[in-house]
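Working notes, beginning with the structure itself.
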Amino acid sequence: MGRNTLRKAASLAACLLLLSACETIPADSIGTLDRARDGELVVGVSEHHPWTDVSENGDYSGSEIELIEGFAESIGADVQWYAAPESVLAGKIKEDQLDVVIGGLTSTSPWSTHMAFTRPYTKVDGESMVMGTRLGENELLVALERYLAKEFGEIS
């Protein structure tokens, strides 16, 4: 083989290696989305009407409850709800005890060191509404963002 042929072969091999790595991006550091698919999605709920409401008998309702139920259905997951104040939920998601946190969170929420925020899925009174996912669980974050974008007509 000539020098040019070797260079082309090496370049092709490098390109193929890089392309094969692209299949795994985005990835979850601990496999949250894979675990939740056809399994269970653990969602922390901070009561914040009209996004989330928790009744005395433990029923959950609100616009974000409906969004999460739709997302869970899209991945074949059952939802396990965990109701608590935002501060408690922030600690639990940071400790990998929750997959998602909802409850009228905005992009200016103080919990950005505890969870990864979705991109804003809507605006209300000038506030950008977000949801929180486990830090490092990028595949889950992107899947949730895609679902929200479809629900709000940003993508088809």
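In the structure tokens, chains take the letters A, B, ... in the order shown, each chain's residues start at 1, and ligands count up from 1 in the order shown.
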Check range 99-130 of chain A with DSSP on the backbone and list each residue it calls strand (DSSP E), as a ChimeraX atom specification. /A:100-102,116-117,122-124,127-129
Keeping only N, CA and C atoms, write those residues as a PDB file, in the first residue's frame.
```
ATOM      1  N   VAL A 100     -37.357  12.497  38.446  1.00  0.00           N
ATOM      2  CA  VAL A 100     -37.859  13.779  37.947  1.00  0.00           C
ATOM      3  C   VAL A 100     -38.483  14.533  39.115  1.00  0.00           C
ATOM      4  N   VAL A 101     -38.401  15.862  39.071  1.00  0.00           N
ATOM      5  CA  VAL A 101     -39.082  16.719  40.047  1.00  0.00           C
ATOM      6  C   VAL A 101     -39.954  17.704  39.285  1.00  0.00           C
ATOM      7  N   ILE A 102     -41.219  17.825  39.737  1.00  0.00           N
ATOM      8  CA  ILE A 102     -42.146  18.789  39.152  1.00  0.00           C
ATOM      9  C   ILE A 102     -42.824  19.574  40.268  1.00  0.00           C
ATOM     10  N   ALA A 116     -30.869  18.769  37.022  1.00  0.00           N
ATOM     11  CA  ALA A 116     -30.733  19.373  35.688  1.00  0.00           C
ATOM     12  C   ALA A 116     -32.116  19.815  35.238  1.00  0.00           C
ATOM     13  N   PHE A 117     -32.243  21.066  34.843  1.00  0.00           N
ATOM     14  CA  PHE A 117     -33.525  21.579  34.381  1.00  0.00           C
ATOM     15  C   PHE A 117     -33.712  21.291  32.900  1.00  0.00           C
ATOM     16  N   THR A 122     -42.685  26.176  28.504  1.00  0.00           N
ATOM     17  CA  THR A 122     -43.686  27.213  28.278  1.00  0.00           C
ATOM     18  C   THR A 122     -43.339  28.412  29.144  1.00  0.00           C
ATOM     19  N   LYS A 123     -44.000  29.531  28.881  1.00  0.00           N
ATOM     20  CA  LYS A 123     -43.825  30.731  29.707  1.00  0.00           C
ATOM     21  C   LYS A 123     -45.171  31.118  30.293  1.00  0.00           C
ATOM     22  N   VAL A 124     -45.151  31.498  31.575  1.00  0.00           N
ATOM     23  CA  VAL A 124     -46.350  31.956  32.262  1.00  0.00           C
ATOM     24  C   VAL A 124     -45.985  33.225  33.015  1.00  0.00           C
ATOM     25  N   GLU A 127     -42.397  34.009  33.297  1.00  0.00           N
ATOM     26  CA  GLU A 127     -41.542  32.989  33.919  1.00  0.00           C
ATOM     27  C   GLU A 127     -41.415  31.787  32.988  1.00  0.00           C
ATOM     28  N   SER A 128     -40.209  31.279  32.828  1.00  0.00           N
ATOM     29  CA  SER A 128     -39.957  30.091  32.013  1.00  0.00           C
ATOM     30  C   SER A 128     -40.129  28.849  32.876  1.00  0.00           C
ATOM     31  N   MET A 129     -41.102  28.018  32.531  1.00  0.00           N
ATOM     32  CA  MET A 129     -41.417  26.821  33.309  1.00  0.00           C
ATOM     33  C   MET A 129     -40.518  25.658  32.884  1.00  0.00           C
TER      34      MET A 129
END
```
For Trp111 in chain A, find every residue with an atom within 10 Å (counting only C-alpha atoms), except residues of its own chain fewer than 3 positions away, and show them as an MDAnalysis selection string. chainID A and resid 86:87 89:91 94 105:108 114:117 132
Compile the contact shell of Ala149 in chain A as a PDB file with C-alpha atoms, in the first residue's frame: residues with an atom at most 12 Å away, counting only C-alpha atoms, same-chain residues fewer than 4 positions apart removed.
```pdb
ATOM      1  CA  LEU A  67     -47.550  15.924  31.227  1.00  0.00           C
ATOM      2  CA  PHE A  71     -44.340  11.050  29.162  1.00  0.00           C
ATOM      3  CA  THR A 118     -35.289  20.894  31.133  1.00  0.00           C
ATOM      4  CA  ARG A 119     -35.253  23.699  28.644  1.00  0.00           C
ATOM      5  CA  PRO A 120     -38.288  25.915  29.291  1.00  0.00           C
ATOM      6  CA  TYR A 121     -41.374  24.191  27.937  1.00  0.00           C
ATOM      7  CA  THR A 122     -43.686  27.213  28.278  1.00  0.00           C
ATOM      8  CA  VAL A 130     -39.091  23.810  33.653  1.00  0.00           C
ATOM      9  CA  VAL A 142     -33.436  14.807  26.310  1.00  0.00           C
ATOM     10  CA  ALA A 143     -36.321  12.309  26.122  1.00  0.00           C
ATOM     11  CA  LEU A 144     -38.415  14.455  28.478  1.00  0.00           C
ATOM     12  CA  GLU A 145     -37.524  17.631  26.573  1.00  0.00           C
ATOM     13  CA  GLY A 153     -46.114  21.930  19.192  1.00  0.00           C
ATOM     14  CA  GLU A 154     -42.451  22.880  18.844  1.00  0.00           C
ATOM     15  CA  ILE A 155     -41.695  19.664  16.946  1.00  0.00           C
ATOM     16  CA  SER A 156     -43.858  17.022  15.319  1.00  0.00           C
TER      17      SER A 156
END
```
Point out the residue among A:Ile65, A:Leu141, A:Ala27, A:Val54 with the least atom-to-atom distance to Ala83 in chain A, counting only C-alpha atoms. A:Val54
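Distances from A:Pro50, A:Gly103, A:Arg146, A:Val43 to Glu69 in chain A were compared using only C-alpha atoms, and the smallest one belongs to A:Val43.
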For Arg37 in chain A, list every protein, DNA or RNA residue within 6 Å, evaluated using only C-alpha atoms, and leave out those in the same chain fewer than 4 positions away; present the list as a PyMOL selection string. chain A and resi 75-77
Among listed residues A:Asn138, A:Gly44, A:Asp96, A:Gly104, nearest Ala84 in chain A (using only C-alpha atoms):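 Nearest to Ala84 in chain A: A:Gly44.
In this structure, CA of Gly136 in chain A sits 11.4 Å away from CA of Ile93 in chain A.
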May I have all residues of range 73-124 of chain A that DSSP, computed from the backbone, assigns to alpha helix (DSSP H), given as a PDB file with C-alpha atoms, in the first residue's frame?
```pdb
ATOM      1  CA  GLU A  73     -46.928   6.317  28.997  1.00  0.00           C
ATOM      2  CA  SER A  74     -44.698   7.156  26.013  1.00  0.00           C
ATOM      3  CA  GLU A  86     -39.193  21.544  46.968  1.00  0.00           C
ATOM      4  CA  SER A  87     -36.269  21.566  49.406  1.00  0.00           C
ATOM      5  CA  VAL A  88     -36.841  17.915  50.334  1.00  0.00           C
ATOM      6  CA  LEU A  89     -37.271  16.905  46.688  1.00  0.00           C
ATOM      7  CA  ALA A  90     -34.060  18.729  45.738  1.00  0.00           C
ATOM      8  CA  GLY A  91     -32.136  16.707  48.314  1.00  0.00           C
ATOM      9  CA  LYS A  92     -33.709  13.422  47.232  1.00  0.00           C
ATOM     10  CA  ILE A  93     -33.023  13.933  43.518  1.00  0.00           C
ATOM     11  CA  LYS A  94     -29.428  14.917  44.287  1.00  0.00           C
TER      12      LYS A  94
END
```
